[in-house]
Amino acid sequence: MNFLTTARRIIIKIGSALLVDGHGAARREWLATLAGEVAAWRGKGREVLIVTSGAIGLGRELIGLSRQSVKRHLHMEEKQAAAAAGQPKLMQAWEEAFRPQGLAVAQVLLTLADTEDRRHHLTSRAALEELLRLGALPIVNENDVVSTEEIRIGDNDRLAARLAQMISADTLILLSDIDGLYSADPKSDPDALFIPEVKDITPEIEAMAGGANEAIASGGMRTKIMAAKIATGAGCRMAILRGFSGNPLRELEEKSARHTWFLPSTTPMAARKRWIAAHMRLRGILVIDDGAAKALNSGKSLLAAGVKSCEGEFESGDAVEVKGLSGVLLARGLIAYDSGEVKKILGCRSDEIEALLGYSGPAELIHRDNLVLAKGS
Ligand code: GLU
């Protein structure tokens with residue numbers, strides 16, 4: 001089975017070793033070839049987002065923290081400084097790679113809080129959807145400068161998996177310096193077996209990535225297994241393969257190079273509905289008319305026009321209940337406006353929102369992707 005046949009929204013994560021050479025410069029030829037492969041996939045109607053490492057690798061030289069002069073590991077502030085200096089160079093390298101393909105790149109910097117906090121999650125998701133709709137190519141990295149220990153994801157394998165969860169991607173590809181998962185470390189164990197497909201991330205599979213006490217090396221197999229858990233839990237399949245060859249994406253598609261697939265047992269949309277349901281601390285109640293109730297049941301979003309009343313105090317991104325005129329529970333969902341705003345716009349057409357609030361917000365009060373219908377409604 002070729003899992004790419006049904007891939008529609010794909011995240012490609014690229015490790016520093018592929019992007020930055022031993023002298024702290026971008027590997028431009030490799031980037032140019034990859035850009036050609038990405039453009040070919042986009043030509044097939046696939047959406048692509050890139051998660052890129054390399055800001056620290058490109059930046060450290062610029063601010064006097066080159067590998068030669070600093071033998072030790074960089075501490076947190078040095079990494080942040082190197083990332084800040086390297087990020088523009090990184091984007092420049094991507095821009096140059098995609099320019100010949102006629103593709104505009106868009107820099108997106110995220111932290112853990114942006115993927116977890118419902119409000120940031122909803123606005124980031126909406127902005128990414130818009131970039132994809134407009135045909136731009138999101139190039140995502142962690143926002144290293146504002147990341148504190150608490151809100152740091154720390155490695156881009158997990159950042160890519162969290163992004164997959166946030167935007168309901170169906171496929172995540174980790175381009176790495178290793179070709180996939182082995183039963184033991186192939187460098188030290190000649191009997192290590194290659195594992196081409198993982199349907200269930202069991203404790204045995206986790207053990208293959210190294211013991212629980214091993215330090216979480218950025219880019220190691222442990223972070224990849226953690227990424228696989230997040231991605232497959234969100235309904236997204238994940239592949240690991242070596243990215244050094246000229247055409248890694250073609251190799252994955254044609255199965256001409258070794259790789260490991262981690263397979264989910266759910267779909268991105270089912271997983272998202274579960275995520276919404278699990279985040280439910282209900283802050284308010286909206287009562288809607290029969291027309292809006294019918295629209296919800298046929299899979300549409302909730303618009304302000306159908307809302308009759310609003311109870312409770314809530315922020316945008318909070319969870320609310322949606323009830324019918326008779327008081328029956330119809331749905332729960334994450335709302336795009338706060339309670340003060342909802343009170344001003346309820347009953348109004350979407351094109352009146354801007355005049356009423358003084359700014360233009362989303363047309364939907366609750367987008368259908370952020371709604372879970374009540375059983376039996
Ligand atoms: N955000 C880091 C960088 O751009 C990369 C972290 C990682 O590679 O896992 O250098």
# chains A, B, ... in the order shown; residues from 1 in each chain; ligands from 1
call {"tool": "select_by_dssp", "arguments": {"residues": "range 247-307 of chain A", "states": "helix (DSSP H, G or I)", "output": "CSV table (one decimal) with all heavy atoms, in the first residue's frame"}}
result
chain,number,residue,atom,x,y,z
A,248,PRO,N,14.6,12.8,-1.9
A,248,PRO,CA,14.0,12.0,-0.8
A,248,PRO,C,12.4,11.8,-1.0
A,248,PRO,O,11.9,10.7,-0.7
A,248,PRO,CB,14.3,12.7,0.5
A,248,PRO,CG,14.6,14.1,0.0
A,248,PRO,CD,15.2,14.0,-1.3
A,249,LEU,N,11.7,12.8,-1.5
A,249,LEU,CA,10.3,12.7,-1.6
A,249,LEU,C,9.9,11.7,-2.7
A,249,LEU,O,9.0,10.9,-2.5
A,249,LEU,CB,9.6,14.0,-1.8
A,249,LEU,CG,9.9,15.1,-0.7
A,249,LEU,CD1,9.1,16.4,-1.0
A,249,LEU,CD2,9.6,14.6,0.7
A,250,ARG,N,10.6,11.7,-3.8
A,250,ARG,CA,10.4,10.8,-4.8
A,250,ARG,C,10.7,9.4,-4.3
A,250,ARG,O,9.9,8.4,-4.6
A,250,ARG,CB,11.2,11.1,-6.1
A,250,ARG,CG,10.6,10.4,-7.3
A,250,ARG,CD,11.3,10.8,-8.6
A,250,ARG,NE,12.6,10.2,-8.6
A,250,ARG,CZ,13.6,10.8,-9.2
A,250,ARG,NH1,13.4,11.9,-9.9
A,250,ARG,NH2,14.8,10.2,-9.2
A,251,GLU,N,11.8,9.2,-3.6
A,251,GLU,CA,12.1,7.9,-3.1
A,251,GLU,C,11.0,7.4,-2.2
A,251,GLU,O,10.8,6.2,-2.2
A,251,GLU,CB,13.5,8.0,-2.3
A,251,GLU,CG,14.7,8.2,-3.2
A,251,GLU,CD,16.0,8.3,-2.4
A,251,GLU,OE1,15.9,8.4,-1.2
A,251,GLU,OE2,17.0,8.4,-3.1
A,252,LEU,N,10.5,8.2,-1.4
A,252,LEU,CA,9.4,7.8,-0.5
A,252,LEU,C,8.2,7.4,-1.3
A,252,LEU,O,7.6,6.3,-1.0
A,252,LEU,CB,9.0,8.9,0.5
A,252,LEU,CG,8.0,8.6,1.5
A,252,LEU,CD1,8.5,7.6,2.5
A,252,LEU,CD2,7.6,9.9,2.3
A,253,GLU,N,7.9,8.1,-2.3
A,253,GLU,CA,6.7,7.9,-3.1
A,253,GLU,C,6.9,6.6,-3.9
A,253,GLU,O,6.0,5.7,-4.0
A,253,GLU,CB,6.5,9.0,-4.1
A,253,GLU,CG,5.2,8.9,-4.9
A,253,GLU,CD,4.3,10.1,-4.8
A,253,GLU,OE1,4.9,11.2,-5.0
A,253,GLU,OE2,3.1,10.0,-4.6
A,254,GLU,N,8.1,6.4,-4.4
A,254,GLU,CA,8.4,5.2,-5.2
A,254,GLU,C,8.9,4.0,-4.4
A,254,GLU,O,9.2,3.0,-4.9
A,254,GLU,CB,9.4,5.5,-6.3
A,254,GLU,CG,8.9,6.5,-7.3
A,254,GLU,CD,9.9,7.0,-8.3
A,254,GLU,OE1,11.1,6.6,-8.1
A,254,GLU,OE2,9.6,7.7,-9.3
A,268,PRO,N,-7.7,12.4,11.1
A,268,PRO,CA,-7.4,13.7,11.7
A,268,PRO,C,-8.7,14.4,12.3
A,268,PRO,O,-8.7,15.0,13.3
A,268,PRO,CB,-6.8,14.5,10.6
A,268,PRO,CG,-6.2,13.5,9.7
A,268,PRO,CD,-7.1,12.3,9.8
A,269,MET,N,-9.8,14.3,11.5
A,269,MET,CA,-11.0,15.0,12.0
A,269,MET,C,-11.6,14.3,13.2
A,269,MET,O,-12.0,15.0,14.2
A,269,MET,CB,-12.1,15.0,10.9
A,269,MET,CG,-12.5,16.4,10.5
A,269,MET,SD,-12.1,17.8,11.5
A,269,MET,CE,-11.1,18.8,10.4
A,270,ALA,N,-11.6,13.0,13.3
A,270,ALA,CA,-12.1,12.3,14.5
A,270,ALA,C,-11.3,12.6,15.7
A,270,ALA,O,-11.8,12.9,16.8
A,270,ALA,CB,-12.2,10.8,14.2
A,271,ALA,N,-9.9,12.7,15.4
A,271,ALA,CA,-9.0,13.0,16.5
A,271,ALA,C,-9.3,14.4,17.0
A,271,ALA,O,-9.2,14.7,18.2
A,271,ALA,CB,-7.6,12.8,16.1
A,272,ARG,N,-9.5,15.3,16.1
A,272,ARG,CA,-9.7,16.7,16.5
A,272,ARG,C,-11.0,16.9,17.3
A,272,ARG,O,-11.0,17.6,18.3
A,272,ARG,CB,-9.9,17.6,15.2
A,272,ARG,CG,-10.0,19.0,15.6
A,272,ARG,CD,-9.8,20.0,14.4
A,272,ARG,NE,-9.9,21.4,14.9
A,272,ARG,CZ,-9.0,22.1,15.5
A,272,ARG,NH1,-7.9,21.5,15.8
A,272,ARG,NH2,-9.3,23.3,15.9
A,273,LYS,N,-12.0,16.2,16.9
A,273,LYS,CA,-13.3,16.2,17.7
A,273,LYS,C,-13.1,15.7,19.1
A,273,LYS,O,-13.6,16.2,20.1
A,273,LYS,CB,-14.4,15.4,17.0
A,273,LYS,CG,-14.7,15.9,15.6
A,273,LYS,CD,-15.7,17.1,15.6
A,273,LYS,CE,-15.6,17.7,14.2
A,273,LYS,NZ,-16.6,18.6,13.8
A,274,ARG,N,-12.2,14.7,19.2
A,274,ARG,CA,-11.9,14.1,20.6
A,274,ARG,C,-11.1,15.2,21.4
A,274,ARG,O,-11.3,15.3,22.5
A,274,ARG,CB,-11.1,12.8,20.4
A,274,ARG,CG,-12.0,11.6,20.6
A,274,ARG,CD,-11.2,10.4,21.2
A,274,ARG,NE,-9.8,10.3,20.7
A,274,ARG,CZ,-9.5,9.6,19.6
A,274,ARG,NH1,-10.5,9.1,18.9
A,274,ARG,NH2,-8.3,9.6,19.2
A,275,TRP,N,-10.2,15.8,20.7
A,275,TRP,CA,-9.4,16.9,21.3
A,275,TRP,C,-10.3,18.0,21.9
A,275,TRP,O,-10.1,18.4,23.0
A,275,TRP,CB,-8.4,17.4,20.3
A,275,TRP,CG,-7.5,18.5,20.8
A,275,TRP,CD1,-6.4,18.4,21.7
A,275,TRP,CD2,-7.7,19.9,20.6
A,275,TRP,NE1,-5.9,19.7,21.9
A,275,TRP,CE2,-6.7,20.6,21.3
A,275,TRP,CE3,-8.6,20.7,19.9
A,275,TRP,CZ2,-6.5,22.0,21.3
A,275,TRP,CZ3,-8.5,22.1,19.8
A,275,TRP,CH2,-7.5,22.7,20.5
A,276,ILE,N,-11.2,18.4,21.1
A,276,ILE,CA,-12.1,19.5,21.5
A,276,ILE,C,-12.9,19.0,22.7
A,276,ILE,O,-13.0,19.6,23.7
A,276,ILE,CB,-13.1,19.9,20.4
A,276,ILE,CG1,-12.3,20.5,19.3
A,276,ILE,CG2,-14.2,20.8,20.9
A,276,ILE,CD1,-13.0,20.8,18.0
A,277,ALA,N,-13.5,17.8,22.6
A,277,ALA,CA,-14.3,17.2,23.7
A,277,ALA,C,-13.5,17.1,25.0
A,277,ALA,O,-14.0,17.4,26.1
A,277,ALA,CB,-14.8,15.8,23.3
A,278,ALA,N,-12.2,16.8,24.9
A,278,ALA,CA,-11.3,16.6,26.0
A,278,ALA,C,-11.0,17.9,26.7
A,278,ALA,O,-10.6,18.0,27.8
A,278,ALA,CB,-10.1,15.8,25.7
A,290,ASP,N,-34.1,27.4,15.0
A,290,ASP,CA,-34.2,26.0,14.4
A,290,ASP,C,-33.4,26.0,13.1
A,290,ASP,O,-32.9,24.9,12.7
A,290,ASP,CB,-35.7,25.8,14.1
A,290,ASP,CG,-36.5,25.6,15.3
A,290,ASP,OD1,-35.9,25.4,16.4
A,290,ASP,OD2,-37.7,25.7,15.3
A,291,GLY,N,-33.3,27.1,12.4
A,291,GLY,CA,-32.6,27.1,11.1
A,291,GLY,C,-31.1,26.8,11.4
A,291,GLY,O,-30.5,26.0,10.7
A,292,ALA,N,-30.6,27.5,12.4
A,292,ALA,CA,-29.2,27.3,12.7
A,292,ALA,C,-28.9,25.8,13.2
A,292,ALA,O,-27.9,25.2,12.9
A,292,ALA,CB,-28.7,28.3,13.8
A,293,ALA,N,-29.9,25.3,14.0
A,293,ALA,CA,-29.8,23.9,14.5
A,293,ALA,C,-29.7,22.9,13.3
A,293,ALA,O,-28.9,22.0,13.3
A,293,ALA,CB,-31.0,23.6,15.4
A,294,LYS,N,-30.6,23.2,12.3
A,294,LYS,CA,-30.6,22.3,11.1
A,294,LYS,C,-29.2,22.4,10.4
A,294,LYS,O,-28.7,21.4,9.9
A,294,LYS,CB,-31.7,22.8,10.1
A,294,LYS,CG,-32.7,21.7,9.8
A,294,LYS,CD,-33.8,22.3,9.0
A,294,LYS,CE,-33.9,21.7,7.6
A,294,LYS,NZ,-34.9,22.3,6.9
A,295,ALA,N,-28.7,23.7,10.3
A,295,ALA,CA,-27.4,23.9,9.6
A,295,ALA,C,-26.3,23.1,10.3
A,295,ALA,O,-25.5,22.4,9.7
A,295,ALA,CB,-27.1,25.4,9.6
A,296,LEU,N,-26.3,23.1,11.7
A,296,LEU,CA,-25.3,22.4,12.4
A,296,LEU,C,-25.4,20.9,12.2
A,296,LEU,O,-24.4,20.2,11.9
A,296,LEU,CB,-25.4,22.6,14.0
A,296,LEU,CG,-25.2,24.0,14.6
A,296,LEU,CD1,-25.0,23.8,16.1
A,296,LEU,CD2,-24.0,24.6,14.0
A,297,ASN,N,-26.6,20.4,12.2
A,297,ASN,CA,-26.8,19.0,12.0
A,297,ASN,C,-26.4,18.5,10.6
A,297,ASN,O,-26.1,17.4,10.3
A,297,ASN,CB,-28.2,18.5,12.2
A,297,ASN,CG,-28.4,18.4,13.7
A,297,ASN,OD1,-27.5,18.0,14.5
A,297,ASN,ND2,-29.6,18.7,14.2
A,304,ALA,N,-23.4,33.9,13.5
A,304,ALA,CA,-24.1,34.8,14.5
A,304,ALA,C,-25.6,34.9,14.2
A,304,ALA,O,-26.4,35.1,15.2
A,304,ALA,CB,-23.4,36.2,14.5
A,305,ALA,N,-26.0,34.9,13.0
A,305,ALA,CA,-27.4,35.2,12.6
A,305,ALA,C,-28.4,34.2,13.3
A,305,ALA,O,-29.5,34.7,13.7
A,305,ALA,CB,-27.5,35.0,11.1
A,306,GLY,N,-28.0,33.0,13.6
A,306,GLY,CA,-28.9,32.0,14.2
A,306,GLY,C,-28.9,32.0,15.7
A,306,GLY,O,-29.6,31.3,16.3
call {"tool": "residues_around", "arguments": {"residues": "range 157-172 of chain A", "least_positions_apart": "5", "cutoff": "7 Å", "atoms": "only C-alpha atoms", "output": "ChimeraX atom specification"}}
result
/A:7-13,51,115,121,125,219,223-224,226-227,230-231,234-239,268-269
call {"tool": "residues_near_ligand", "arguments": {"ligand": "ligand 1", "cutoff": "8 Å", "atoms": "only C-alpha atoms and all ligand atoms", "output": "MDAnalysis selection string"}}
result
chainID A and resid 15:16 52:58 79 83 86:87 141:144 154:158 218:219
call {"tool": "write_last_selection", "arguments": {"atoms": "C-alpha atoms", "output": "PDB file, in the first residue's frame"}}
result
ATOM      1  CA  GLY A  15      16.742  18.430  10.316  1.00  0.00           C
ATOM      2  CA  SER A  16      19.741  20.749  10.680  1.00  0.00           C
ATOM      3  CA  THR A  52      12.711  23.707   9.413  1.00  0.00           C
ATOM      4  CA  SER A  53      15.575  23.493  11.858  1.00  0.00           C
ATOM      5  CA  GLY A  54      18.861  25.244  11.248  1.00  0.00           C
ATOM      6  CA  ALA A  55      18.437  28.698  12.777  1.00  0.00           C
ATOM      7  CA  ILE A  56      20.943  27.958  15.535  1.00  0.00           C
ATOM      8  CA  GLY A  57      23.283  26.170  13.123  1.00  0.00           C
ATOM      9  CA  LEU A  58      23.286  29.109  10.692  1.00  0.00           C
ATOM     10  CA  LYS A  79      21.004  29.229  21.627  1.00  0.00           C
ATOM     11  CA  ALA A  83      18.538  31.325  16.602  1.00  0.00           C
ATOM     12  CA  GLY A  86      20.203  32.595  12.085  1.00  0.00           C
ATOM     13  CA  GLN A  87      16.450  32.746  11.449  1.00  0.00           C
ATOM     14  CA  ASN A 141      10.254  26.882  13.246  1.00  0.00           C
ATOM     15  CA  GLU A 142      10.085  27.166  16.993  1.00  0.00           C
ATOM     16  CA  ASN A 143      10.071  30.743  18.259  1.00  0.00           C
ATOM     17  CA  ASP A 144      13.299  30.129  20.148  1.00  0.00           C
ATOM     18  CA  GLY A 154      12.768  21.902  22.348  1.00  0.00           C
ATOM     19  CA  ASP A 155      13.041  19.872  19.204  1.00  0.00           C
ATOM     20  CA  ASN A 156      11.478  20.235  15.830  1.00  0.00           C
ATOM     21  CA  ASP A 157      10.371  16.579  15.586  1.00  0.00           C
ATOM     22  CA  ARG A 158       7.790  17.275  18.259  1.00  0.00           C
ATOM     23  CA  SER A 218      17.317  16.840  19.894  1.00  0.00           C
ATOM     24  CA  GLY A 219      16.771  14.861  16.734  1.00  0.00           C
TER      25      GLY A 219
END
call {"tool": "closest_residue", "arguments": {"among": "A:Ala192, A:Leu365, A:Met91, A:Ala39", "to": "Leu103 in chain A", "atoms": "only C-alpha atoms"}}
result
A:Ala39
call {"tool": "residues_around", "arguments": {"residues": "Ala363 in chain A", "least_positions_apart": "4", "cutoff": "10 Å", "atoms": "only C-alpha atoms", "output": "list in words"}}
result
Ser301, Leu302, Leu303, Ala304, Ala336, Arg349, Ser350, Asp351, Glu352, Ile353, Glu354 and His367 of chain A
call {"tool": "write_last_selection", "arguments": {"atoms": "all heavy atoms", "output": "compact mmCIF listing (two decimals), in the first residue's frame"}}
result
# COMPACT_ATOMS: atom_id res chain seq x y z
N SER A 301 -21.05 25.36 9.92
CA SER A 301 -20.55 26.14 11.06
C SER A 301 -21.69 26.92 11.69
O SER A 301 -22.76 27.10 11.09
CB SER A 301 -19.50 27.13 10.57
OG SER A 301 -18.43 26.46 9.96
N LEU A 302 -21.46 27.43 12.90
CA LEU A 302 -22.47 28.27 13.55
C LEU A 302 -22.18 29.74 13.24
O LEU A 302 -21.10 30.24 13.54
CB LEU A 302 -22.46 28.04 15.07
CG LEU A 302 -23.46 28.91 15.84
CD1 LEU A 302 -24.90 28.52 15.50
CD2 LEU A 302 -23.23 28.81 17.34
N LEU A 303 -23.17 30.42 12.66
CA LEU A 303 -23.02 31.85 12.35
C LEU A 303 -23.79 32.67 13.39
O LEU A 303 -24.69 32.15 14.06
CB LEU A 303 -23.59 32.14 10.95
CG LEU A 303 -23.01 31.31 9.80
CD1 LEU A 303 -23.66 31.70 8.48
CD2 LEU A 303 -21.49 31.51 9.72
N ALA A 304 -23.44 33.95 13.49
CA ALA A 304 -24.09 34.81 14.49
C ALA A 304 -25.59 34.94 14.24
O ALA A 304 -26.38 35.05 15.18
CB ALA A 304 -23.42 36.19 14.46
N ALA A 336 -15.15 31.56 18.63
CA ALA A 336 -14.12 32.45 18.09
C ALA A 336 -14.18 33.85 18.69
O ALA A 336 -13.28 34.66 18.44
CB ALA A 336 -14.27 32.53 16.57
N ARG A 349 -26.02 39.42 10.59
CA ARG A 349 -25.36 38.76 9.45
C ARG A 349 -23.85 38.90 9.61
O ARG A 349 -23.36 39.87 10.19
CB ARG A 349 -25.79 39.41 8.13
CG ARG A 349 -27.22 39.15 7.71
CD ARG A 349 -27.40 39.51 6.23
NE ARG A 349 -26.66 40.73 5.87
CZ ARG A 349 -27.18 41.94 5.88
NH1 ARG A 349 -28.44 42.13 6.23
NH2 ARG A 349 -26.45 42.99 5.54
N SER A 350 -23.12 37.92 9.03
CA SER A 350 -21.65 37.93 9.18
C SER A 350 -21.04 39.22 8.62
O SER A 350 -20.05 39.72 9.15
CB SER A 350 -21.04 36.71 8.49
OG SER A 350 -21.60 35.55 9.06
N ASP A 351 -21.65 39.77 7.55
CA ASP A 351 -21.05 40.98 6.96
C ASP A 351 -21.33 42.24 7.79
O ASP A 351 -20.87 43.32 7.46
CB ASP A 351 -21.47 41.15 5.49
CG ASP A 351 -22.97 41.29 5.32
OD1 ASP A 351 -23.68 41.37 6.35
OD2 ASP A 351 -23.44 41.32 4.18
N GLU A 352 -22.12 42.09 8.87
CA GLU A 352 -22.35 43.25 9.75
C GLU A 352 -21.38 43.28 10.93
O GLU A 352 -21.31 44.24 11.68
CB GLU A 352 -23.79 43.22 10.31
CG GLU A 352 -24.85 43.38 9.23
CD GLU A 352 -26.26 43.13 9.76
OE1 GLU A 352 -26.44 42.23 10.62
OE2 GLU A 352 -27.17 43.83 9.32
N ILE A 353 -20.61 42.17 11.10
CA ILE A 353 -19.76 42.04 12.29
C ILE A 353 -18.75 43.17 12.39
O ILE A 353 -18.57 43.79 13.44
CB ILE A 353 -19.05 40.65 12.30
CG1 ILE A 353 -20.09 39.54 12.51
CG2 ILE A 353 -17.98 40.58 13.39
CD1 ILE A 353 -19.53 38.13 12.53
N GLU A 354 -18.13 43.50 11.27
CA GLU A 354 -17.07 44.51 11.30
C GLU A 354 -17.61 45.86 11.80
O GLU A 354 -16.99 46.49 12.67
CB GLU A 354 -16.44 44.65 9.91
CG GLU A 354 -15.28 45.61 9.95
CD GLU A 354 -14.41 45.59 8.70
OE1 GLU A 354 -14.71 44.82 7.76
OE2 GLU A 354 -13.43 46.35 8.68
N HIS A 367 -16.50 27.56 14.16
CA HIS A 367 -16.23 26.89 12.89
C HIS A 367 -16.57 25.41 13.02
O HIS A 367 -16.41 24.82 14.09
CB HIS A 367 -14.75 27.05 12.54
CG HIS A 367 -14.42 26.60 11.15
ND1 HIS A 367 -14.16 25.28 10.86
CD2 HIS A 367 -14.34 27.28 10.00
CE1 HIS A 367 -13.92 25.18 9.57
NE2 HIS A 367 -14.03 26.38 9.02
